[in-house]
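A.B. asks: My structure is in data_25.txt, and what it holds is compact mmCIF, N, CA and C atoms:
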```txt
# COMPACT_ATOMS: atom_id res chain seq x y z
N MET A 1 179.71 80.23 195.44
CA MET A 1 179.35 79.44 196.61
C MET A 1 180.12 78.12 196.57
N ARG A 2 180.72 77.77 197.71
CA ARG A 2 181.50 76.54 197.78
C ARG A 2 180.60 75.31 197.81
N ARG A 3 181.16 74.18 197.50
CA ARG A 3 180.39 72.95 197.38
C ARG A 3 179.68 72.56 198.69
N PRO A 4 180.34 72.59 199.86
CA PRO A 4 179.61 72.26 201.09
C PRO A 4 178.41 73.18 201.34
N GLU A 5 178.54 74.44 200.98
CA GLU A 5 177.42 75.38 201.16
C GLU A 5 176.27 75.06 200.22
N ARG A 6 176.60 74.70 198.99
CA ARG A 6 175.55 74.32 198.04
C ARG A 6 174.84 73.05 198.51
N LEU A 7 175.64 72.09 198.99
CA LEU A 7 175.06 70.84 199.50
C LEU A 7 174.18 71.12 200.71
N ALA A 8 174.62 72.01 201.59
CA ALA A 8 173.84 72.35 202.78
C ALA A 8 172.48 72.92 202.41
N GLU A 9 172.44 73.80 201.43
CA GLU A 9 171.18 74.39 200.99
C GLU A 9 170.27 73.33 200.37
N ALA A 10 170.83 72.47 199.55
CA ALA A 10 170.03 71.39 198.94
C ALA A 10 169.52 70.44 200.01
N LEU A 11 170.36 70.13 200.99
CA LEU A 11 169.95 69.26 202.09
C LEU A 11 168.81 69.89 202.89
N ARG A 12 168.90 71.18 203.16
CA ARG A 12 167.85 71.85 203.93
C ARG A 12 166.51 71.71 203.23
N GLU A 13 166.50 71.94 201.93
CA GLU A 13 165.25 71.82 201.18
C GLU A 13 164.73 70.39 201.18
N GLU A 14 165.60 69.42 200.93
CA GLU A 14 165.17 68.02 200.86
C GLU A 14 164.71 67.50 202.22
N VAL A 15 165.48 67.80 203.26
CA VAL A 15 165.11 67.31 204.60
C VAL A 15 163.79 67.92 205.04
N THR A 16 163.57 69.19 204.72
CA THR A 16 162.30 69.83 205.04
C THR A 16 161.15 69.09 204.38
N GLU A 17 161.30 68.75 203.12
CA GLU A 17 160.25 68.01 202.39
C GLU A 17 160.04 66.62 202.99
N ILE A 18 161.12 65.91 203.25
CA ILE A 18 161.02 64.53 203.74
C ILE A 18 160.40 64.51 205.13
N VAL A 19 160.88 65.36 206.04
CA VAL A 19 160.34 65.38 207.39
C VAL A 19 158.88 65.85 207.39
N GLY A 20 158.58 66.82 206.55
CA GLY A 20 157.23 67.36 206.51
C GLY A 20 156.20 66.47 205.86
N TYR A 21 156.59 65.69 204.86
CA TYR A 21 155.60 64.97 204.07
C TYR A 21 155.76 63.46 204.02
N GLU A 22 156.97 62.94 204.22
CA GLU A 22 157.18 61.51 204.03
C GLU A 22 157.25 60.71 205.33
N LEU A 23 157.60 61.35 206.43
CA LEU A 23 157.66 60.64 207.70
C LEU A 23 156.27 60.58 208.31
N LYS A 24 155.87 59.41 208.76
CA LYS A 24 154.52 59.21 209.29
C LYS A 24 154.42 59.36 210.81
N ASP A 25 155.54 59.62 211.47
CA ASP A 25 155.56 59.76 212.93
C ASP A 25 154.81 61.03 213.32
N PRO A 26 153.72 60.92 214.11
CA PRO A 26 152.94 62.11 214.48
C PRO A 26 153.72 63.10 215.35
N ARG A 27 154.76 62.64 216.04
CA ARG A 27 155.57 63.54 216.87
C ARG A 27 156.28 64.58 216.02
N LEU A 28 156.53 64.27 214.75
CA LEU A 28 157.37 65.11 213.91
C LEU A 28 156.59 66.15 213.12
N GLN A 29 155.32 66.34 213.44
CA GLN A 29 154.50 67.31 212.71
C GLN A 29 154.89 68.75 213.02
N ALA A 30 155.42 69.01 214.21
CA ALA A 30 155.74 70.37 214.62
C ALA A 30 157.22 70.70 214.48
N VAL A 31 157.89 70.08 213.50
CA VAL A 31 159.33 70.28 213.31
C VAL A 31 159.55 71.26 212.16
N THR A 32 160.42 72.24 212.40
CA THR A 32 160.81 73.18 211.36
C THR A 32 162.33 73.13 211.20
N VAL A 33 162.78 72.85 210.00
CA VAL A 33 164.22 72.83 209.71
C VAL A 33 164.65 74.27 209.46
N THR A 34 165.61 74.76 210.26
CA THR A 34 166.02 76.15 210.14
C THR A 34 167.36 76.32 209.42
N ASP A 35 168.26 75.37 209.59
CA ASP A 35 169.59 75.52 209.00
C ASP A 35 170.25 74.16 208.87
N VAL A 36 171.19 74.06 207.95
CA VAL A 36 172.00 72.86 207.79
C VAL A 36 173.44 73.30 207.62
N ARG A 37 174.32 72.63 208.35
CA ARG A 37 175.76 72.90 208.21
C ARG A 37 176.45 71.60 207.86
N VAL A 38 177.21 71.63 206.78
CA VAL A 38 177.91 70.45 206.29
C VAL A 38 179.39 70.61 206.58
N SER A 39 180.03 69.53 207.04
CA SER A 39 181.46 69.58 207.32
C SER A 39 182.24 69.77 206.02
N GLU A 40 183.48 70.21 206.14
CA GLU A 40 184.31 70.48 204.97
C GLU A 40 184.48 69.25 204.08
N ASN A 41 184.59 68.06 204.71
CA ASN A 41 184.75 66.84 203.91
C ASN A 41 183.41 66.28 203.45
N MET A 42 182.32 66.93 203.80
CA MET A 42 180.95 66.60 203.38
C MET A 42 180.51 65.21 203.82
N ARG A 43 181.07 64.72 204.92
CA ARG A 43 180.66 63.42 205.44
C ARG A 43 179.60 63.54 206.54
N ASP A 44 179.53 64.71 207.18
CA ASP A 44 178.59 64.92 208.28
C ASP A 44 177.79 66.19 208.03
N ALA A 45 176.54 66.16 208.48
CA ALA A 45 175.69 67.34 208.37
C ALA A 45 174.92 67.51 209.67
N LYS A 46 174.94 68.73 210.20
CA LYS A 46 174.13 69.08 211.37
C LYS A 46 172.87 69.75 210.84
N ILE A 47 171.74 69.22 211.23
CA ILE A 47 170.47 69.78 210.80
C ILE A 47 169.82 70.42 212.01
N PHE A 48 169.68 71.74 211.98
CA PHE A 48 169.11 72.48 213.09
C PHE A 48 167.60 72.57 212.92
N VAL A 49 166.89 72.21 213.99
CA VAL A 49 165.43 72.20 213.93
C VAL A 49 164.85 72.95 215.12
N ILE A 50 163.68 73.54 214.89
CA ILE A 50 162.90 74.14 215.96
C ILE A 50 161.73 73.21 216.20
N VAL A 51 161.49 72.91 217.48
CA VAL A 51 160.41 72.00 217.85
C VAL A 51 159.51 72.70 218.85
N GLU A 52 158.21 72.62 218.63
CA GLU A 52 157.24 73.19 219.57
C GLU A 52 156.98 72.20 220.69
N GLY A 53 156.74 72.73 221.90
CA GLY A 53 156.38 71.87 223.02
C GLY A 53 157.29 72.07 224.20
N ASP A 54 157.03 71.28 225.25
CA ASP A 54 157.85 71.36 226.46
C ASP A 54 159.10 70.48 226.28
N GLU A 55 159.95 70.48 227.30
CA GLU A 55 161.23 69.77 227.21
C GLU A 55 161.05 68.28 226.91
N LYS A 56 160.06 67.66 227.55
CA LYS A 56 159.83 66.22 227.34
C LYS A 56 159.43 65.95 225.89
N GLU A 57 158.55 66.76 225.35
CA GLU A 57 158.12 66.59 223.96
C GLU A 57 159.27 66.84 222.99
N ILE A 58 160.08 67.85 223.28
CA ILE A 58 161.21 68.18 222.42
C ILE A 58 162.21 67.02 222.37
N LYS A 59 162.51 66.44 223.53
CA LYS A 59 163.44 65.30 223.57
C LYS A 59 162.87 64.11 222.81
N SER A 60 161.56 63.90 222.92
CA SER A 60 160.90 62.81 222.21
C SER A 60 160.99 63.02 220.69
N VAL A 61 160.78 64.25 220.26
CA VAL A 61 160.86 64.56 218.83
C VAL A 61 162.28 64.38 218.31
N LEU A 62 163.27 64.84 219.07
CA LEU A 62 164.67 64.68 218.64
C LEU A 62 165.06 63.20 218.55
N ARG A 63 164.55 62.38 219.49
CA ARG A 63 164.79 60.93 219.41
C ARG A 63 164.15 60.36 218.15
N GLY A 64 162.93 60.79 217.87
CA GLY A 64 162.24 60.34 216.66
C GLY A 64 162.99 60.72 215.40
N LEU A 65 163.53 61.94 215.37
CA LEU A 65 164.31 62.38 214.21
C LEU A 65 165.58 61.55 214.05
N GLN A 66 166.28 61.28 215.15
CA GLN A 66 167.50 60.48 215.06
C GLN A 66 167.17 59.05 214.61
N ASN A 67 166.03 58.53 215.06
CA ASN A 67 165.62 57.19 214.61
C ASN A 67 165.31 57.17 213.12
N ALA A 68 164.80 58.27 212.60
CA ALA A 68 164.44 58.36 211.19
C ALA A 68 165.61 58.83 210.32
N ALA A 69 166.75 59.15 210.93
CA ALA A 69 167.87 59.74 210.20
C ALA A 69 168.37 58.85 209.07
N THR A 70 168.40 57.53 209.27
CA THR A 70 168.87 56.63 208.23
C THR A 70 167.94 56.68 207.02
N PHE A 71 166.62 56.64 207.27
CA PHE A 71 165.65 56.74 206.18
C PHE A 71 165.78 58.07 205.46
N VAL A 72 165.89 59.15 206.22
CA VAL A 72 166.01 60.48 205.63
C VAL A 72 167.28 60.56 204.78
N ARG A 73 168.36 60.00 205.28
CA ARG A 73 169.63 59.99 204.54
C ARG A 73 169.49 59.24 203.21
N GLN A 74 168.82 58.09 203.25
CA GLN A 74 168.61 57.31 202.03
C GLN A 74 167.78 58.10 201.02
N GLN A 75 166.73 58.75 201.50
CA GLN A 75 165.87 59.53 200.61
C GLN A 75 166.63 60.71 200.02
N VAL A 76 167.44 61.36 200.84
CA VAL A 76 168.25 62.49 200.36
C VAL A 76 169.21 62.02 199.27
N ALA A 77 169.86 60.87 199.50
CA ALA A 77 170.79 60.34 198.51
C ALA A 77 170.08 60.05 197.19
N LEU A 78 168.87 59.50 197.27
CA LEU A 78 168.11 59.22 196.05
C LEU A 78 167.66 60.50 195.36
N ASN A 79 167.08 61.41 196.12
CA ASN A 79 166.52 62.63 195.54
C ASN A 79 167.58 63.57 194.97
N LEU A 80 168.74 63.61 195.61
CA LEU A 80 169.81 64.50 195.14
C LEU A 80 170.84 63.79 194.28
N ASN A 81 170.62 62.49 194.06
CA ASN A 81 171.52 61.69 193.23
C ASN A 81 172.95 61.74 193.78
N LEU A 82 173.08 61.47 195.08
CA LEU A 82 174.38 61.48 195.75
C LEU A 82 174.88 60.05 195.93
N ARG A 83 176.13 59.81 195.61
CA ARG A 83 176.71 58.50 195.85
C ARG A 83 176.92 58.29 197.35
N HIS A 84 177.42 59.34 198.02
CA HIS A 84 177.67 59.26 199.46
C HIS A 84 176.97 60.43 200.13
N ALA A 85 175.85 60.17 200.73
CA ALA A 85 175.13 61.21 201.46
C ALA A 85 175.78 61.38 202.83
N PRO A 86 175.81 62.60 203.35
CA PRO A 86 176.42 62.81 204.67
C PRO A 86 175.58 62.17 205.78
N VAL A 87 176.24 61.85 206.87
CA VAL A 87 175.53 61.35 208.05
C VAL A 87 174.78 62.54 208.65
N LEU A 88 173.49 62.34 208.92
CA LEU A 88 172.64 63.43 209.40
C LEU A 88 172.53 63.40 210.92
N ASN A 89 172.79 64.54 211.54
CA ASN A 89 172.65 64.69 212.98
C ASN A 89 171.67 65.82 213.24
N PHE A 90 170.55 65.50 213.87
CA PHE A 90 169.54 66.51 214.15
C PHE A 90 169.85 67.18 215.48
N VAL A 91 169.84 68.52 215.47
CA VAL A 91 170.20 69.32 216.64
C VAL A 91 169.11 70.36 216.87
N ARG A 92 168.80 70.58 218.12
CA ARG A 92 167.80 71.60 218.48
C ARG A 92 168.38 72.99 218.24
N ASP A 93 167.65 73.82 217.52
CA ASP A 93 168.07 75.19 217.25
C ASP A 93 167.51 76.07 218.37
N THR A 94 168.40 76.63 219.17
CA THR A 94 167.95 77.43 220.33
C THR A 94 168.09 78.93 220.10
N VAL A 95 168.49 79.34 218.92
CA VAL A 95 168.70 80.77 218.65
C VAL A 95 167.41 81.54 218.86
N GLU A 96 166.32 81.05 218.29
CA GLU A 96 165.05 81.76 218.41
C GLU A 96 164.56 81.78 219.87
N GLU A 97 164.72 80.65 220.57
CA GLU A 97 164.33 80.59 221.97
C GLU A 97 165.13 81.59 222.80
N ASN A 98 166.43 81.68 222.53
CA ASN A 98 167.28 82.63 223.26
C ASN A 98 166.88 84.07 222.97
N ALA A 99 166.54 84.36 221.73
CA ALA A 99 166.14 85.73 221.37
C ALA A 99 164.85 86.11 222.09
N VAL A 100 163.90 85.19 222.17
CA VAL A 100 162.64 85.46 222.88
C VAL A 100 162.92 85.68 224.36
N ARG A 101 163.79 84.88 224.94
CA ARG A 101 164.13 85.01 226.36
C ARG A 101 164.80 86.36 226.65
N VAL A 102 165.72 86.78 225.80
CA VAL A 102 166.39 88.08 225.98
C VAL A 102 165.38 89.20 225.89
N GLU A 103 164.47 89.11 224.93
CA GLU A 103 163.45 90.14 224.78
C GLU A 103 162.55 90.22 226.02
N GLU A 104 162.18 89.04 226.56
CA GLU A 104 161.37 89.01 227.78
C GLU A 104 162.11 89.68 228.94
N LEU A 105 163.40 89.40 229.06
CA LEU A 105 164.19 90.00 230.14
C LEU A 105 164.29 91.51 229.99
N ILE A 106 164.47 91.99 228.78
CA ILE A 106 164.55 93.44 228.55
C ILE A 106 163.23 94.11 228.89
N VAL A 107 162.12 93.51 228.47
CA VAL A 107 160.79 94.07 228.78
C VAL A 107 160.58 94.09 230.28
N ASP A 108 160.95 93.00 230.95
CA ASP A 108 160.79 92.91 232.40
C ASP A 108 161.61 93.99 233.11
N LEU A 109 162.87 94.15 232.72
CA LEU A 109 163.73 95.16 233.34
C LEU A 109 163.24 96.58 233.05
N THR A 110 162.73 96.79 231.84
CA THR A 110 162.21 98.11 231.47
C THR A 110 160.99 98.46 232.32
N GLN A 111 160.12 97.48 232.54
CA GLN A 111 158.91 97.71 233.34
C GLN A 111 159.26 97.99 234.80
N LYS A 112 160.32 97.38 235.30
CA LYS A 112 160.74 97.60 236.68
C LYS A 112 161.55 98.89 236.83
N GLY A 113 161.91 99.50 235.73
CA GLY A 113 162.68 100.72 235.78
C GLY A 113 164.16 100.50 235.96
N GLU A 114 164.62 99.27 235.84
CA GLU A 114 166.03 98.95 236.02
C GLU A 114 166.81 99.02 234.72
N PHE A 115 166.13 99.17 233.62
CA PHE A 115 166.77 99.19 232.31
C PHE A 115 166.24 100.41 231.56
N PRO A 116 167.12 101.33 231.16
CA PRO A 116 166.63 102.53 230.49
C PRO A 116 166.00 102.19 229.13
N GLU A 117 164.92 102.89 228.83
CA GLU A 117 164.28 102.66 227.54
C GLU A 117 165.14 103.17 226.40
N ARG A 118 165.92 104.21 226.71
CA ARG A 118 166.80 104.77 225.70
C ARG A 118 168.16 105.01 226.32
N ILE A 119 169.16 104.70 225.60
CA ILE A 119 170.52 104.94 226.09
C ILE A 119 171.09 106.09 225.28
N ASP A 120 171.33 107.22 225.96
CA ASP A 120 171.91 108.37 225.28
C ASP A 120 173.40 108.40 225.53
N LYS A 121 174.13 108.75 224.51
CA LYS A 121 175.58 108.89 224.66
C LYS A 121 175.86 110.29 225.21
N GLU A 122 176.70 110.32 226.22
CA GLU A 122 177.09 111.62 226.76
C GLU A 122 178.25 112.14 225.95
N GLU A 123 178.11 113.39 225.52
CA GLU A 123 179.18 113.97 224.72
C GLU A 123 179.67 115.24 225.33
```
Let me see the structure of the file written as structure tokens.
C.D. replies:
Amino acid sequence: MRRPERLAEALREEVTEIVGYELKDPRLQAVTVTDVRVSENMRDAKIFVIVEGDEKEIKSVLRGLQNAATFVRQQVALNLNLRHAPVLNFVRDTVEENAVRVEELIVDLTQKGEFPERIDKEE
């Protein structure tokens, strides 16, 4: 495993702990860290999160996370003993939302009879 990948995994674990237990902002209680991607030069990290709620609540939570990013970065640097911790950018993870939406569309089309339940290959 390459160094950025190892750092990404360590960051995911640490950020999950810090956001879950050390931040006192009540908006951040429904945040789940799903993935972390670190740039090749290890100066930047994208932290993908899933947030429960409507669009207004989600935007509020993302603002809260960005406001706490400096504190989280400092804690990560201390906990992982890093001289230079990457700059943390919190991003909404929409993969799960998209998967649920696609599944809803397939069920809807199947119920209307516009989408076959089974696709057979003609030979």
A.B. asks: Any chance you could list, as a JSON list (two decimals) with N, CA and C atoms, in the coordinates of the input, the residues in chain A that come up strand (DSSP E or B) when DSSP is run on the backbone?
C.D. replies:
```json
[["chain", "number", "residue", "atom", "x", "y", "z"],
["A", 31, "VAL", "N", 157.89, 70.08, 213.50],
["A", 31, "VAL", "CA", 159.33, 70.28, 213.31],
["A", 31, "VAL", "C", 159.55, 71.26, 212.16],
["A", 32, "THR", "N", 160.42, 72.24, 212.40],
["A", 32, "THR", "CA", 160.81, 73.18, 211.36],
["A", 32, "THR", "C", 162.33, 73.13, 211.20],
["A", 33, "VAL", "N", 162.78, 72.85, 210.00],
["A", 33, "VAL", "CA", 164.22, 72.83, 209.71],
["A", 33, "VAL", "C", 164.65, 74.27, 209.46],
["A", 34, "THR", "N", 165.61, 74.76, 210.26],
["A", 34, "THR", "CA", 166.02, 76.15, 210.14],
["A", 34, "THR", "C", 167.36, 76.32, 209.42],
["A", 35, "ASP", "N", 168.26, 75.37, 209.59],
["A", 35, "ASP", "CA", 169.59, 75.52, 209.00],
["A", 35, "ASP", "C", 170.25, 74.16, 208.87],
["A", 36, "VAL", "N", 171.19, 74.06, 207.95],
["A", 36, "VAL", "CA", 172.00, 72.86, 207.79],
["A", 36, "VAL", "C", 173.44, 73.30, 207.62],
["A", 37, "ARG", "N", 174.32, 72.63, 208.35],
["A", 37, "ARG", "CA", 175.76, 72.90, 208.21],
["A", 37, "ARG", "C", 176.45, 71.60, 207.86],
["A", 38, "VAL", "N", 177.21, 71.63, 206.78],
["A", 38, "VAL", "CA", 177.91, 70.45, 206.29],
["A", 38, "VAL", "C", 179.39, 70.61, 206.58],
["A", 44, "ASP", "N", 179.53, 64.71, 207.18],
["A", 44, "ASP", "CA", 178.59, 64.92, 208.28],
["A", 44, "ASP", "C", 177.79, 66.19, 208.03],
["A", 45, "ALA", "N", 176.54, 66.16, 208.48],
["A", 45, "ALA", "CA", 175.69, 67.34, 208.37],
["A", 45, "ALA", "C", 174.92, 67.51, 209.67],
["A", 46, "LYS", "N", 174.94, 68.73, 210.20],
["A", 46, "LYS", "CA", 174.13, 69.08, 211.37],
["A", 46, "LYS", "C", 172.87, 69.75, 210.84],
["A", 47, "ILE", "N", 171.74, 69.22, 211.23],
["A", 47, "ILE", "CA", 170.47, 69.78, 210.80],
["A", 47, "ILE", "C", 169.82, 70.42, 212.01],
["A", 48, "PHE", "N", 169.68, 71.74, 211.98],
["A", 48, "PHE", "CA", 169.11, 72.48, 213.09],
["A", 48, "PHE", "C", 167.60, 72.57, 212.92],
["A", 49, "VAL", "N", 166.89, 72.21, 213.99],
["A", 49, "VAL", "CA", 165.43, 72.20, 213.93],
["A", 49, "VAL", "C", 164.85, 72.95, 215.12],
["A", 50, "ILE", "N", 163.68, 73.54, 214.89],
["A", 50, "ILE", "CA", 162.90, 74.14, 215.96],
["A", 50, "ILE", "C", 161.73, 73.21, 216.20],
["A", 51, "VAL", "N", 161.49, 72.91, 217.48],
["A", 51, "VAL", "CA", 160.41, 72.00, 217.85],
["A", 51, "VAL", "C", 159.51, 72.70, 218.85],
["A", 87, "VAL", "N", 176.24, 61.85, 206.87],
["A", 87, "VAL", "CA", 175.53, 61.35, 208.05],
["A", 87, "VAL", "C", 174.78, 62.54, 208.65],
["A", 88, "LEU", "N", 173.49, 62.34, 208.92],
["A", 88, "LEU", "CA", 172.64, 63.43, 209.40],
["A", 88, "LEU", "C", 172.53, 63.40, 210.92],
["A", 89, "ASN", "N", 172.79, 64.54, 211.54],
["A", 89, "ASN", "CA", 172.65, 64.69, 212.98],
["A", 89, "ASN", "C", 171.67, 65.82, 213.24],
["A", 90, "PHE", "N", 170.55, 65.50, 213.87],
["A", 90, "PHE", "CA", 169.54, 66.51, 214.15],
["A", 90, "PHE", "C", 169.85, 67.18, 215.48],
["A", 91, "VAL", "N", 169.84, 68.52, 215.47],
["A", 91, "VAL", "CA", 170.20, 69.32, 216.64],
["A", 91, "VAL", "C", 169.11, 70.36, 216.87],
["A", 92, "ARG", "N", 168.80, 70.58, 218.12],
["A", 92, "ARG", "CA", 167.80, 71.60, 218.48],
["A", 92, "ARG", "C", 168.38, 72.99, 218.24]]
```
A.B. asks: Between atom N of Ala85 (chain A) and atom C of Thr70 (chain A), what distance in Å does the model show, to one decimal?
C.D. replies: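 Between atom N of Ala85 (chain A) and atom C of Thr70 (chain A) the gap works out to 10.7 Å.
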A.B. asks: Using all atoms listed in the file, which residue out of A:Val100, A:Ile47, A:Val91, A:Val19 lies closest to Val72 (chain A)?
C.D. replies: A:Val19
A.B. asks: Identify which of the residues A:Thr34, A:Gln111, A:Thr16, A:Gln29 lies closest to Asp93 (chain A), counting all atoms listed in the file when measuring atom-to-atom distances.
C.D. replies: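 The closest residue to Asp93 (chain A) is A:Thr34.
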A.B. asks: Kindly give the distance, in Å, that separates CA of Arg2 (chain A) and CA of His84 (chain A), rounded to a single decimal.
C.D. replies: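 Distance reported for this atom pair: 17.8 Å.
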A.B. asks: What is the CA of Leu78 (chain A)-CA of Val38 (chain A) distance in Å, reported with one decimal?
C.D. replies: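 For CA of Leu78 (chain A) relative to CA of Val38 (chain A), the distance reads 18.1 Å.
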A.B. asks: Compare A:Glu13, A:Asp25, A:Glu97, A:Asp35 by their minimum atom-to-atom distance to Gly64 (chain A), counting all atoms listed in the file, and give me the closest one.
C.D. replies: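 Closest candidate: A:Asp25.
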A.B. asks: Enumerate the residues of region 5-70 of chain A with a DSSP assignment of alpha helix (DSSP H), computed from the backbone, and present them as a PyMOL selection string.
C.D. replies: chain A and resi 5-17+55-70
A.B. asks: Tell me which protein, DNA and RNA residues are within 8 Å of Glu52 (chain A), counting all atoms listed in the file, leaving out same-chain ones fewer than 5 positions away, and put them as JSON, numbers by chain.
C.D. replies: {"A": [29, 30, 31, 32, 57, 58]}
A.B. asks: Got a sec: who's within 8 Å of Ile18 (chain A), counting only C-alpha atoms, leaving out chain neighbours fewer than 4 positions off, as a VMD selection string?
C.D. replies: chain A and resid 14 22 to 23 72 75
A.B. asks: In terms of the shortest atom-to-atom distance over all atoms listed in the file, which of A:Gln74, A:Asn89, A:Asn81, A:Gln66 is closest to Lys46 (chain A)?
C.D. replies: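 Looking only at the distances to Lys46 (chain A), the closest residue turns out to be A:Asn89.
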A.B. asks: Tell me, as a list in words, which residues lie within 6.5 Å of Pro4 (chain A), counting all atoms listed in the file; anything in the same chain fewer than 4 positions away does not count.
C.D. replies: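 Close residues of Pro4 (chain A): Ala8, Glu9, Val38, Ser39, Glu40 and Met42 of chain A.
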